[in-house]
Amino acid sequence: MSCPKTSAARTPNTATGGRPLPEADLRGGDGDAIRFQADLLAAVGQAVVASDPAGRVTYWNTAAERLYGWPATEAMGRSLNDLIGARETTEQGDAILAELRRGKCWSGDFFVQDRGGRRFPVYVTDTPVFDRQGRLTAIIGVSVDITESREAERSRRQLVAIVEGSGDAIFGTATDGTVTSWNAAAERLFGFGAGEIIGQPFSLLAPPDRVVEQDQMRARLSAGGPHERLETIRRRRDGSTVEVLITASTATDEQGQVIGLSVIAHDITDRRQAQTALETSRSRLAEAQRTAHLGSFEFDLTNGELTWSEEYHRILGLDLDRAPTAELFASLLHPDDLGWVSRVWVDALKSGSSFDTICRIVRGDAQERWVRSRGSAERADDGKVIKVVGTLMDETERVEAEQVRKLAETRFEIGFEQSAIGTIIADANGSPIRVNRATCALLGRPPNELIGRHMGEYTHPDDAPLAEAVRAGVMAGHDTYQDERRYIRPDSSVVWASSNVTLVRSESGEAQYFFVQLEDITGRKLMEQELAHQVLHDSLTGLPNRTLLTERLTHGLAGSRRRGSKVGVIFLDIDHFKVVNDSLGHTYGDDILRHAAAQIAGAIRPGDTVARFGGDEFVVVCDDISMPETEQVATRVLEAINVPCQIGDQELNITASLGIAVADGTATPESLLRDSDAAMYRAKERGRGRVELFDEALRSKTERLSATASAMHRALERNEFTVYYQPVVDLSTGALVSAEALLRWQHPVLGLVGPDEIIPFAEETGLIVPIGAWVLEQACRQLVRWQRSDPSMSVAVNFSVRQILAPDVTELVDAVLRRTGARAEDLYLELTESVFMRDIDYFARTLGALKALGIRLAVDDFGTGYSSLSYLKRFPFDAVKVDRSFVDGLGTDPHDSALVAAIVAMADALDLEVIAEGVETAGQLADLKRLHCRRAQGFYLARPMTADAITSLVEEPHHWIVD
């Protein structure tokens, strides 16, 4: 920066401040001005120091005295560097002085020190002073302590770093909900960049059904309410949703007014999934605890919640619906034990110490029982105890046995030998000198193989250091020690034992012997291992489940990329499994799955993973493999599955369809499973019992399916679909009595697209459900319009498998009827026989619920499926539609005439309507009348037409010539 030259005549003097200044003429007006300037410099709040060009102090104001600790009288004439420390290098000092000589001011910051040696930063502005000849006579420096501002800036940067480095989404909003700040984690969680979201309303992140919830929370906080926590759902940029824990608090200004909100959003998706898995594990754990007679408890100090397992309730003699509380447990304690047990718990909750207590309880039936409670604490990162967990076991029998032993010293031998717990007396070196029978049974060795031998000889090698540490610790003064360790029996089997070691000392304190109790806990340890195994394995086959499969796929892909190899995935589905399962029963089905699992496991390479994916689906993961090698493995698996097998009393030929996908550089576990699944479905389409590879053609088909699905989504949104109707004619009168609704797509490029091209894609993508619902509503609305002219008119709508499988299908139909005002008895739902092959019990319930609405049910394409007669008996149908394949042969094929006659006769006997479809000739129409078929439809009578065309036929009654 530059500044105007300052004349020496304007340099401060000592006339008023008592602090020497350069000599100057004080006569006249200039003297008054200088005195005035000196007073100002003396009174100013900033440190002002003047020095000559050599750096000697010529002026030192009061603020400089406070800042640097040197009185002016001691500072005058001394080197500025001696007083406050060197502020720059010689080169820097020369550069600054050169700037000042050119008449420019200099500003900057550096560290100085005061008289006491404290170093601190200051911001300095140096101004040069020149005499009338233009020579530099003085330098005036004004300095300010910037310690606080530097600290504030450091704190600000630190806070910014914390916010940006946080794994949780952190952002701020104004009181009106406008986003004002947005950290990197928020961008990762919600997909919006800071530039996209800042300035936008926070409600952009709320799904429609959560906007009110969000606005209410913001209103409460803006009104000065306390901070809030809320588990809810928020929307990402791509439209997907994520479960989050929202913590929101207010931001206020210096006057305490709310100026905005600070929000932290934590992704709890994994936690929710873990909760579901935890519930499953808990039910398994409850069964395991009941088997082992071992209860568990958990006390969460963060929320005061106490939970007991079912077995814990049973041990205490309490009903399962009794809510666990500390007071309830205390009420069951024996009065003599209440005090010390309470102290143990208080110590555990305060200091986090573990405990292992045995005390008495008095149950509701007046039984006095001894229970053993073990507990340990969990701590937060700051060391604070946040949870105490442990177990409870009924130790009545063991405790009473111990009491008997202590009360009857003379019967020690009997007690020692009869104890159900392994008991050992060992010398100071740890070698047994006496063992009881329980010890021999536990360790699988006779007394002569135990006595005199160090126990380390049959201690599991991994636990030997622990055993020696226990002995050394006890010898050092810790007279009792407990642990759990493994021992090796002569047959190489391993047994787990809970070891209780006590050092018995003489009256003088010398170690005499060890008293050791061993309790067989092998069952409990195996149970714990089994529980850990069950979390990641299928309970029926013992194979890895989907969770472990995904984990191994993830690790396999990571390892393959490091090694430059590939991962192959084989997706296997047992052919016609549901048919076998439904016909032979679930027990046979389970046996088939176990058999298949064993066959697959025996056919794959060592190191490959086979997992049960779900139902009758299995997945094989092959690491470090090529496509040809994967095909070889798949072929071996297929051959192993196809071998005839004996399941129960049945000899079955099982086949399977297999699909293969091999990872490329962009593969993920999800993409490999998806692609191999697609290949497997192609194997089913090509005849089943074969292996298919996922290739470019299949990839193209998948992409084409996705593109068609997207186009159909847009078609539904853009109202490109329309409904045509084919008349149904009464063959006795020629009158129009009903119309079948048929879907058409008015494609902007392809023109009118028929159902043969629409329905398969809609079925495969699941779009048939929303499209079918739309067709149902259009047909019902049109029916109401037609019935204004002909109240007897009815309409028929086709329903697919997916529509019937939708869980809310009954509610959907009921809602459409209510919205449109259509009469239920005038609506026919047509279902093909293939629908009922899926789950007979389910469809019986679903069709019963639909029938209860009052609608009519018809079997479409009757006679082309399986077990048609049984379906007519089992399900509440009102009509059957004779398939066009039978109508085609009327007049030419006597078998078709006989079949149609049989169908009509059967329908008459069951009081069902009969509609013949596909009538295309006058001869077919005449034959149907001869066979007493009452209704028909087909191109001979009328092609599918628009709703308006049907309306014309209804408003001006039309009769077909059917004689």
# chains A, B, ... in the order shown; residues from 1 in each chain; ligands from 1

$ residues_around --residues "Arg374 in chain A" --least-positions-apart "2" --cutoff "12 Å" --atoms "only C-alpha atoms" --output "list in words"
Leu294, Gly295, Ser296, Phe297, Glu298, Val341, Val344, Trp345, Ala348, Ser353, Ser354, Phe355, Asp356, Thr357, Ile358, Cys359, Val371, Arg372, Ser376, Ala377, Val388, Val389, Gly390, Thr391, Leu392, Met393, Asp394, Glu395 and Gln482 of chain A

$ atom_distance --atom1 "CA of Ala54 in chain A" --atom2 "CA of Asp94 in chain A"
11.1 Å

$ residues_around --residues "Thr178 in chain A" --least-positions-apart "5" --cutoff "7 Å" --atoms "only C-alpha atoms" --output "ChimeraX atom specification"
/A:173,199-202

$ write_last_selection --atoms "N, CA and C atoms" --output "mmCIF file, in the first residue's frame"
data_model
loop_
_atom_site.group_PDB
_atom_site.id
_atom_site.type_symbol
_atom_site.label_atom_id
_atom_site.label_comp_id
_atom_site.auth_asym_id
_atom_site.auth_seq_id
_atom_site.Cartn_x
_atom_site.Cartn_y
_atom_site.Cartn_z
ATOM 1 N N THR A 173 -30.752 -24.677 7.761
ATOM 2 C CA THR A 173 -31.869 -24.082 7.043
ATOM 3 C C THR A 173 -32.238 -22.768 7.707
ATOM 4 N N GLY A 199 -30.537 -22.864 -1.103
ATOM 5 C CA GLY A 199 -31.528 -21.928 -1.617
ATOM 6 C C GLY A 199 -32.862 -22.583 -1.924
ATOM 7 N N GLN A 200 -32.879 -23.919 -1.936
ATOM 8 C CA GLN A 200 -34.119 -24.651 -2.181
ATOM 9 C C GLN A 200 -34.788 -24.989 -0.849
ATOM 10 N N PRO A 201 -36.111 -25.243 -0.850
ATOM 11 C CA PRO A 201 -36.788 -25.617 0.399
ATOM 12 C C PRO A 201 -36.380 -27.016 0.836
ATOM 13 N N PHE A 202 -36.205 -27.171 2.137
ATOM 14 C CA PHE A 202 -35.834 -28.483 2.687
ATOM 15 C C PHE A 202 -36.916 -29.520 2.398
#

$ residues_around --residues "Leu743 in chain A" --least-positions-apart "5" --cutoff "12 Å" --atoms "only C-alpha atoms" --output "PyMOL selection string"
chain A and resi 716+720-726+752-759+762+768+771-776+778-779+797-799+944-947

$ residues_around --residues "range 411-422 of chain A" --least-positions-apart "3" --cutoff "7 Å" --atoms "only C-alpha atoms" --output "PDB file with N, CA, C and O atoms, in the first residue's frame"
ATOM      1  N   ARG A 405     -21.337 -80.044  51.307  1.00  0.00           N
ATOM      2  CA  ARG A 405     -19.919 -80.385  51.465  1.00  0.00           C
ATOM      3  C   ARG A 405     -19.274 -79.603  52.589  1.00  0.00           C
ATOM      4  O   ARG A 405     -18.490 -80.160  53.388  1.00  0.00           O
ATOM      5  N   ALA A 408     -20.510 -80.752  56.094  1.00  0.00           N
ATOM      6  CA  ALA A 408     -20.161 -82.131  56.503  1.00  0.00           C
ATOM      7  C   ALA A 408     -18.720 -82.425  56.099  1.00  0.00           C
ATOM      8  O   ALA A 408     -18.454 -83.114  55.110  1.00  0.00           O
ATOM      9  N   ASN A 436     -11.950 -86.429  40.962  1.00  0.00           N
ATOM     10  CA  ASN A 436     -13.182 -87.194  41.179  1.00  0.00           C
ATOM     11  C   ASN A 436     -13.663 -87.808  39.868  1.00  0.00           C
ATOM     12  O   ASN A 436     -13.076 -87.593  38.796  1.00  0.00           O
ATOM     13  N   ARG A 437     -14.746 -88.564  39.962  1.00  0.00           N
ATOM     14  CA  ARG A 437     -15.221 -89.279  38.776  1.00  0.00           C
ATOM     15  C   ARG A 437     -15.732 -88.325  37.701  1.00  0.00           C
ATOM     16  O   ARG A 437     -15.600 -88.587  36.500  1.00  0.00           O
ATOM     17  N   ALA A 438     -16.334 -87.198  38.130  1.00  0.00           N
ATOM     18  CA  ALA A 438     -16.826 -86.230  37.137  1.00  0.00           C
ATOM     19  C   ALA A 438     -15.672 -85.664  36.312  1.00  0.00           C
ATOM     20  O   ALA A 438     -15.811 -85.425  35.100  1.00  0.00           O
ATOM     21  N   THR A 439     -14.520 -85.508  36.963  1.00  0.00           N
ATOM     22  CA  THR A 439     -13.348 -85.030  36.228  1.00  0.00           C
ATOM     23  C   THR A 439     -12.915 -86.060  35.200  1.00  0.00           C
ATOM     24  O   THR A 439     -12.608 -85.723  34.039  1.00  0.00           O
ATOM     25  N   LEU A 442     -15.340 -86.018  32.397  1.00  0.00           N
ATOM     26  CA  LEU A 442     -15.203 -84.799  31.602  1.00  0.00           C
ATOM     27  C   LEU A 442     -13.993 -84.875  30.684  1.00  0.00           C
ATOM     28  O   LEU A 442     -14.076 -84.554  29.489  1.00  0.00           O
ATOM     29  N   GLN A 517     -12.420 -76.749  40.154  1.00  0.00           N
ATOM     30  CA  GLN A 517     -13.718 -77.288  39.745  1.00  0.00           C
ATOM     31  C   GLN A 517     -13.880 -77.059  38.245  1.00  0.00           C
ATOM     32  O   GLN A 517     -13.675 -75.949  37.745  1.00  0.00           O
ATOM     33  N   LEU A 518     -14.241 -78.127  37.564  1.00  0.00           N
ATOM     34  CA  LEU A 518     -14.442 -78.061  36.116  1.00  0.00           C
ATOM     35  C   LEU A 518     -15.886 -78.402  35.796  1.00  0.00           C
ATOM     36  O   LEU A 518     -16.361 -79.487  36.144  1.00  0.00           O
ATOM     37  N   GLU A 519     -16.568 -77.486  35.139  1.00  0.00           N
ATOM     38  CA  GLU A 519     -17.959 -77.718  34.735  1.00  0.00           C
ATOM     39  C   GLU A 519     -18.020 -77.812  33.220  1.00  0.00           C
ATOM     40  O   GLU A 519     -17.538 -76.923  32.513  1.00  0.00           O
TER      41      GLU A 519
END

$ residues_around --residues "range 576-592 of chain A" --least-positions-apart "4" --cutoff "12 Å" --atoms "only C-alpha atoms" --output "PyMOL selection string"
chain A and resi 539-541+596-599+615-617+641+644-657+684+687-689+836-841+866

$ closest_residue --among "A:Gly352, A:Gly167, A:Val399, A:Phe329" --to "Ala380 in chain A" --atoms "only C-alpha atoms"
A:Gly352

$ atom_distance --atom1 "CA of Cys933 in chain A" --atom2 "CA of Ile804 in chain A"
28.8 Å

$ residues_around --residues "Leu221 in chain A" --least-positions-apart "4" --cutoff "10 Å" --atoms "only C-alpha atoms" --output "ChimeraX atom specification"
/A:175,215-217,225-228,248-251,258,260-261

$ atom_distance --atom1 "CA of His266 in chain A" --atom2 "CA of Pro669 in chain A"
25.4 Å

$ select_by_dssp --residues "range 270-362 of chain A" --states "strand (DSSP E or B)" --output "list in words"
Leu294, Gly295, Ser296, Phe297, Glu298, Phe299, Asp300, Glu305, Leu306, Thr307, Trp308, Leu333, Phe355, Asp356, Thr357, Ile358, Cys359, Arg360, Ile361 and Val362 of chain A

$ select_by_dssp --residues "range 427-513 of chain A" --states "helix (DSSP H, G or I)" --output "list in words"
Arg437, Ala438, Thr439, Cys440, Ala441, Leu442, Leu443, Pro447, Asn448, Glu449, Leu450, Met455, Gly456, Glu457, Ala464, Pro465, Leu466, Ala467, Glu468, Ala469, Val470, Arg471, Ala472, Gly473, Val474 and Met475 of chain A
